[in-house]
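Worksheet for the structure shown next.
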Amino acid sequence: MKLKTLSAVVAGSLMLGLAAHAEQVVKVGTLSDYAPFEFKDATGKLQGMEIELNDVMCKQMKVKCEYVTMDFDALIPALKAKKIDAVLAQMSITDERKKVVDFTNLFTLAPVQYVAKKGSGITENPATLKGKIVGVQSGTNHESYLKTRLPKDKSGIELKIYQSLDQAWLDLEAGRVNAVLADTTVSYDWINKTGKKDGFNYAGKAINDVAMFGEGTGIAVRKGDALKDKYNAAIKQILSDGTFAKANKKVFPFSIAPASK
Amino acid sequence: MSLFDDYYTLLIESGPEILDGFIVSLKLLAGSCFFAFLLAVPLAIARVSENAWLRQFARTYSSIFRGTPLLVQIFIFYYGLSQFEAVRNSVIWPLLGDSFYCGITVLALNLTAYMAEDVRAGIMAVPHGEKEAATAYGLSKFQCYRYIIIPRALSIVTPVLGNEVIAQLKATALVSTITVLDMTGIVRRLSARSYTTDALIIAGVIYALTTLTISLVVRFAEHRNTRHIRR
């Protein structure tokens, strides 16, 4: 029985290999620890909402997508160095990034919120964070927001920067940081999986700062790459045919679909 | 010429930040080497002790710290231990809770294992006649180690210890993974911000120059230590 499945898998992958010969291969750079968007499960298989949607889009674009995982702050350099062709990592569309890469149209919304222990008194008001330590992931808008808008010498907020968000959560639990600033979406996943039982939750409302955080996330490609138009068509398609809503519902009770214009 | 300009601008803009990071790196190096050396000598003596328990303890310590990657040790000490409530409430938390001190601790414990092996090799290399002569003069066991064996052993292994220090300089870069802003931590951040590797290249040059300086110091120390056998 087992042998049968195995040979079927082998035959299947052989066929895939043959088919891939004709198709264009798109290397998609992503993260391995950004649940529920993209993460590796216990067996090391990459999955998540964005992976699921991207698989559908790749089929629509008639390309073969290969995933490459790395740290968030390595994604844009890798894109520029042509190690990858697209960045699918909940990357917010900001003016700063637009200088070096092209973005597709809005793919998801990504509100930003602090997470802290219940009763900590921390809210989106910077005054409540004076003398506190905030953890963020390296290379994110959250890092630049705190550095630009609330530098330590003015706000009294100390910054701790992590290579991955997982490590920031660990340090929040250990009490090395008082709060973590991250996207409401990924925080939702962590709070419900691990944070809640230890009394962690959102602290205050989402921060409203479009200049810093952008309107939402998109898929980044190299400047002038025609891949952008293909992706735009595919995004339009999955937003209108319900694929997006279905995948969204699986992980969040709230919608992160961009408002249709 | 524009390449030179790029580096020049980078140095002007971020030089002070890189310097801060470099100082943190040097502190990590000096701190961990100091404590590792203090611990390595007793551990090396334990390694050649006649007491089987002591010998076994020293051997186990060495194989644990030399047998696992430093990065794994850093993660275990920093993220692993902090998950236990008991550790967070214990007296060692001020040490492990702070990423810089936690970094120094792990670097020192790791280097101790390597240095102890080197010192042990030195102890074994001290000519037997010298040890016998010391005993014949009526020196106690402690005096034997204090005045004869350890000084001789250390001068024999000076170049090897110097190598360990150089290797340790590069090992300090690993603590940037636990949020310590050493030189590597700083330049990684700078690179991420500018999407280039210029800052990393500058750090590489600084590391190389530091290594060169350390090896000159080691050569000088070696020269001094062997003056009695030079002609």
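Labels used: A, B, ... for chains in the order of the structure tokens, numbers from 1 for residues in each chain, and numbers from 1 for ligands as shown.
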
Item to check | At most 7 Å to chain A: residues in chain B, only C-alpha atoms, as a VMD selection string | outcome: chain B and resid 79 82 to 83 97 177 179 192 to 193 195 to 196

10 Å contact set for Ala221 (chain B), only C-alpha atoms, chain neighbours under 5 positions out, as a CSV table (one decimal) with N, CA, C and O atoms, in the first residue's frame:
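Dumped everything to result_32.csv:
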chain,number,residue,atom,x,y,z
B,155,SER,N,53.3,29.2,28.8
B,155,SER,CA,54.2,29.8,27.8
B,155,SER,C,54.3,28.9,26.6
B,155,SER,O,54.5,29.3,25.5
B,158,THR,N,51.0,29.5,24.4
B,158,THR,CA,50.7,30.9,24.1
B,158,THR,C,50.1,31.1,22.7
B,158,THR,O,49.1,31.7,22.5
B,159,PRO,N,50.8,30.6,21.7
B,159,PRO,CA,50.3,30.8,20.3
B,159,PRO,C,48.9,30.1,20.1
B,159,PRO,O,48.0,30.7,19.4
B,162,GLY,N,46.4,32.3,21.7
B,162,GLY,CA,46.2,33.5,20.9
B,162,GLY,C,45.2,33.2,19.7
B,162,GLY,O,44.3,33.9,19.4
B,215,SER,N,47.0,39.2,16.5
B,215,SER,CA,48.0,38.3,16.2
B,215,SER,C,49.4,38.9,16.5
B,215,SER,O,50.3,38.2,16.8
B,216,LEU,N,49.5,40.2,16.2
B,216,LEU,CA,50.8,40.9,16.5
B,216,LEU,C,51.1,40.9,18.0
B,216,LEU,O,52.2,40.6,18.5
B,226,THR,N,59.4,33.1,25.5
B,226,THR,CA,60.5,32.1,25.2
B,226,THR,C,61.9,32.7,25.3
B,226,THR,O,62.8,32.2,24.8

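Coordinates place CA of Ser194 (chain B) at a distance of 12.2 Å from CA of Glu13 (chain B).
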
Checklist entry - What is the distance, in Å and to one decimal place, between CA of Arg88 (chain B) and CA of Pro69 (chain B)? => result 24.6 Å

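Using only C-alpha atoms, the residues found no farther than 9 Å from Arg120 (chain B), other than those of its own chain fewer than 6 positions away, are B:Val41, B:Leu43, B:Ala44, B:Ile45, B:Arg47, B:Val48, B:Ala153.
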
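Among the candidate residues B:Glu117, B:Leu95, B:His228, B:Ala30, the one lying nearest to Arg59 (chain B) is B:Glu117, with distances computed using only C-alpha atoms.
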
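Neighbours of Gly119 (chain A) closer than or equal to 10 Å, with only C-alpha atoms counted and sequence neighbours fewer than 5 positions away skipped, come out as A:Gly199, A:Phe200, A:Asn201, A:Ala203.
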
Just write the chosen residues, N, CA and C atoms, as a tab-separated table (two decimals), in the first residue's frame.
chain	number	residue	atom	x	y	z
A	199	GLY	N	-2.22	35.37	29.53
A	199	GLY	CA	-2.76	36.71	29.78
A	199	GLY	C	-2.24	37.80	28.86
A	200	PHE	N	-1.84	37.44	27.63
A	200	PHE	CA	-1.41	38.48	26.69
A	200	PHE	C	-2.57	38.84	25.75
A	201	ASN	N	-2.62	40.09	25.36
A	201	ASN	CA	-3.65	40.49	24.41
A	201	ASN	C	-3.24	41.79	23.72
A	203	ALA	N	-2.91	45.59	23.01
A	203	ALA	CA	-2.86	46.71	23.94
A	203	ALA	C	-3.22	47.97	23.16

Item to check | Selection near region 103-109 of chain B, 9 Å with only C-alpha atoms, sequence-local residues under 2 positions removed, as a VMD selection string | outcome: chain B and resid 27 to 29 31 to 37 39 65 70 73 to 74 77 to 78 95 to 96 98 to 101 111 to 113 168 171 to 172 174 to 176 178 180

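One distance worth recording is that between CA of Thr104 (chain A) and CA of Ala220 (chain A), which is 6.5 Å.
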
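Using only C-alpha atoms, the smallest distance between any of A:Val221, A:Ala257, A:Met49, A:Ala86 and Ala110 (chain A) comes from A:Ala257.
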
Item to check | Backbone DSSP call of strand (DSSP E or B) for region 5-128 of chain A, listed as a PyMOL selection string | outcome: chain A and resi 24-30+33-34+38-40+46-47+63-69+86-92+102-103+108+112-117

Item to check | Option closest in space to Glu50 (chain A), from A:Asn232, A:Ser120, A:Thr128, A:Thr217 [counting only C-alpha atoms] | outcome: A:Thr217

Checklist entry - Residues of region 63-231 of chain A in helix (DSSP H, G or I) according to DSSP, as JSON, numbers by chain? => result {"A": [72, 73, 74, 75, 76, 77, 78, 79, 80, 95, 96, 97, 98, 126, 127, 128, 129, 141, 142, 143, 144, 145, 146, 147, 148, 149, 152, 153, 154, 155, 165, 166, 167, 168, 169, 170, 171, 172, 173, 174, 184, 185, 186, 187, 188, 189, 190, 191, 192, 193, 194, 195, 196, 197, 198, 210, 211, 212, 213, 227, 228, 229, 230, 231]}

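Shortest atom-to-atom contact with Phe4 (chain B) among B:Ser191, B:Ile202, B:Leu19, B:Tyr147: B:Ile202, counting only C-alpha atoms.
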
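The shortest atom-to-atom distance to Asp102 (chain A), with only C-alpha atoms taken into account, belongs to A:Leu79 out of A:Leu79, A:Val136, A:Met70, A:Val210.
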